[in-house]
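Note sheet for the following structure.
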Amino acid sequence: MEYSNVVNQSLLPSTDEISNTRDSPHGFAETSSSYTSASSEKLKSDDMGVVDSLSESLSDEEPSVSDSESAVSSGSYEQFHLFDEGLGLVKLDEGEKVYDIIKRKFMLSFERLGVQASVVSIHKHVYLGVKEQARLNSFQIYAKAVENKCGGNANIKYSWFGASKDDITKIVSYGFGLHEMSQNNGLFGSGVYLTPDSSPLESACNSPVDKDGLRHLLLTRVILGKSEVVPIGSEQCQPSSEEFDSGMDNLQTPTKYIVWSTHLNTHTLPEYIVSFRAPPSLAGFVRTKKQPCEPTSPWMPFPVLISELSKFLPPTSVSLIRKHHEAHKERKISRNELIQRLRHLAGDRLLIAIIKSFRTKQLKARTGLK
């Protein structure tokens, strides 16, 4: 919607390197038998494809965050281990290109909203074990399949997911599951909701503070392919047709990527964990753009409005609007909630135009004007 909170320019990569580079950024081309010191050395060079893509998107951005604004470094917390060693995580050092770019992206996004935050550490999920290589293999196979289906672009993005430290470690170990689906509010159907790389704060609101006073965010790649708009109140659990691969709340300015339950662990690839400190209450910092003129009017009854909307909207949207209106009449949802769902489905421009037209006709009828 026009009033959704989005940062237009993405600093993180489009992840075209999955299809454009000779090897995966994780050394996918190696077999599971290559767990040697040479493989460890390869991990350092594997990041270069990611670095190149990250760096390109930073060229026109704001100056880097000053030391005073992000003074807490990962080295200050070496006295304890944030994650178990068996998770396949490698702690990145401040000064590494990938670390610095992700940290800067993270800090700038928070800073724009006036949030005081500090990155404590960034861990990279490396895929070295047999099962881990299988997960990589699956992701790349599906990426290629979606790429072929969509005419050469699998539309792979970086995205954020916020959860507790324990839940994030489970995702790294086993992938997304029903538990992560149950944590969302279900407004956009049955799936996992990720936020674009430009909006970490949206996901950070779902990340509780752990015993060390830290929050944790998962930075994951997601194969979006061709996305479809999913309206509020949808009960969708899979693509509506073979044409689509994922869902969004808005195609032009998405604030949510919806990965369906059928695609949870074929279309996602967890790559980094960002551990950080932030204020206790983050929800209050999530800003929304100033709302346009409210498309509510005491002069236009809902049934008349719905009838007019049916001339412009597809039958599926009109049917959903009628369903919400019935729920309001049965006192299952409030009038304000009905209006918000109506605005999401129809858009403010159309609603305002219809209401203005109706009021003009009413005025002419009362005054006898033609």
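The chains in the structure tokens are called A, B, ... from first to last as shown; in each chain the residues are counted from 1, and the ligands are counted from 1 in the order shown.
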Give me, as a PyMOL selection string, all polymer residues having an atom no more than 12 Å from Ser138 (chain A), counting only C-alpha atoms and skipping those fewer than 5 positions away in the same chain.
chain A and resi 28+131-133+143-145+223+263-269
Write to file, as a compact mmCIF listing (two decimals), in the first residue's frame, the residues of the selection just made, with N, CA and C atoms.
```
# COMPACT_ATOMS: atom_id res chain seq x y z
N PHE A 28 29.47 -24.85 -3.33
CA PHE A 28 28.51 -25.92 -3.59
C PHE A 28 29.07 -27.00 -4.50
N LYS A 131 24.40 -33.61 5.24
CA LYS A 131 23.03 -33.09 5.22
C LYS A 131 23.01 -31.63 4.79
N GLU A 132 24.02 -30.88 5.24
CA GLU A 132 24.08 -29.47 4.87
C GLU A 132 24.28 -29.31 3.37
N GLN A 133 25.14 -30.14 2.79
CA GLN A 133 25.34 -30.10 1.35
C GLN A 133 24.05 -30.47 0.62
N ALA A 143 16.20 -23.25 -7.24
CA ALA A 143 16.51 -21.94 -7.81
C ALA A 143 16.59 -22.03 -9.33
N LYS A 144 17.22 -23.08 -9.82
CA LYS A 144 17.36 -23.27 -11.26
C LYS A 144 16.00 -23.55 -11.91
N ALA A 145 15.19 -24.34 -11.22
CA ALA A 145 13.87 -24.67 -11.76
C ALA A 145 12.99 -23.43 -11.86
N ILE A 223 13.88 -17.75 -2.47
CA ILE A 223 13.51 -17.79 -3.88
C ILE A 223 12.07 -17.30 -3.99
N HIS A 263 6.71 -24.65 0.55
CA HIS A 263 8.01 -24.24 0.01
C HIS A 263 9.03 -23.88 1.09
N LEU A 264 8.71 -24.17 2.34
CA LEU A 264 9.52 -23.64 3.44
C LEU A 264 10.99 -23.98 3.33
N ASN A 265 11.32 -25.21 3.02
CA ASN A 265 12.72 -25.62 3.07
C ASN A 265 13.29 -25.99 1.71
N THR A 266 12.60 -25.57 0.66
CA THR A 266 13.15 -25.69 -0.69
C THR A 266 13.48 -24.30 -1.25
N HIS A 267 12.79 -23.27 -0.72
CA HIS A 267 12.93 -21.92 -1.25
C HIS A 267 13.62 -20.97 -0.27
N THR A 268 14.14 -21.48 0.82
CA THR A 268 14.86 -20.64 1.79
C THR A 268 16.23 -21.24 2.08
N LEU A 269 17.20 -20.36 2.36
CA LEU A 269 18.55 -20.80 2.70
C LEU A 269 19.12 -19.87 3.78
```
Straight-line distance linking CA of Ile232 (chain A) with CA of Leu194 (chain A), stated in Å to one decimal
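Result for CA of Ile232 (chain A) versus CA of Leu194 (chain A): 15.7 Å, one decimal.
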Assign secondary structure with DSSP using the backbone only, and return the residues of region 138-323 of chain A in strand (DSSP E) as a PyMOL selection string.
chain A and resi 156-162+191-196+215-223+227-229+246-248+257-260+268-277
Find the residue from A:Leu217, A:Ile306, A:Leu187, A:Leu224 that sits nearest to Ala154 (chain A); use only C-alpha atoms when measuring.
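When distances to Ala154 (chain A) are compared using only C-alpha atoms, the smallest one comes from A:Leu224.
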With a distance cut-off of 10 Å and only C-alpha atoms, select the neighbouring residues of region 317-327 of chain A, excluding the residue or stretch itself and same-chain residues fewer than 2 positions from it, and output the selection as a ChimeraX atom specification.
/A:231-234,302-303,306-307,309-315,329-335,337-339,341-343,345-346
Enumerate, as a ChimeraX atom specification, the complete set of residues in region 72-305 of chain A that a backbone-based DSSP assignment places in helix (DSSP H, G or I).
/A:74-77,85-87,97-112,130-149,165-174,178-183,200-204,261-263,283-285,302-305
Mind checking which residues fall within 12 Å of Glu243 (chain A), counting only C-alpha atoms, ignoring those fewer than 2 positions away in the same chain, and posting them as a list in words?
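The neighbour list is Val146, Lys149, Cys150, Gly151, Gly225, Lys226, Ser227, Glu228, Gln238, Pro239, Ser240, Ser241, Asp245, Ser246 and Gly247 of chain A.
CA of Leu282 (chain A) sits 9.2 Å away from CA of Asn206 (chain A).
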So which one's closest to Asn250 (chain A), A:Asp210, A:Gly347, A:Gly162, A:Thr220? Using only C-alpha atoms, please.
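Ranking A:Asp210, A:Gly347, A:Gly162, A:Thr220 by distance to Asn250 (chain A), first place goes to A:Gly347.
Among the candidates A:Phe358, A:Phe176, A:Phe188, A:Tyr158, the one nearest to Thr262 (chain A) when counting only C-alpha atoms is A:Phe176.
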Quick one: everything within 8 Å of Ile168 (chain A), counting only C-alpha atoms, minus sequence neighbours fewer than 4 positions away in the same chain. Send it as a list in words.
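So, after excluding close chain neighbours, the residues are Gly162, Ala163, Ser164, Val172, His216, Leu217 and Leu218 of chain A.
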Between A:Gly191, A:Ala117, A:Gly129, A:Leu178, which residue has the minimum interatomic distance to Ser281 (chain A), considering only C-alpha atoms?
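With only C-alpha atoms as the atom set, the closest residue is A:Ala117.
Here CA of Leu128 (chain A) is placed at a distance of 22.1 Å from CA of Ile156 (chain A).
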So which one's closest to Thr255 (chain A), A:His179, A:Ser159, A:Arg221, A:Pro208? Using only C-alpha atoms, please.
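That would be A:Ser159, the residue with the smallest distance to Thr255 (chain A).
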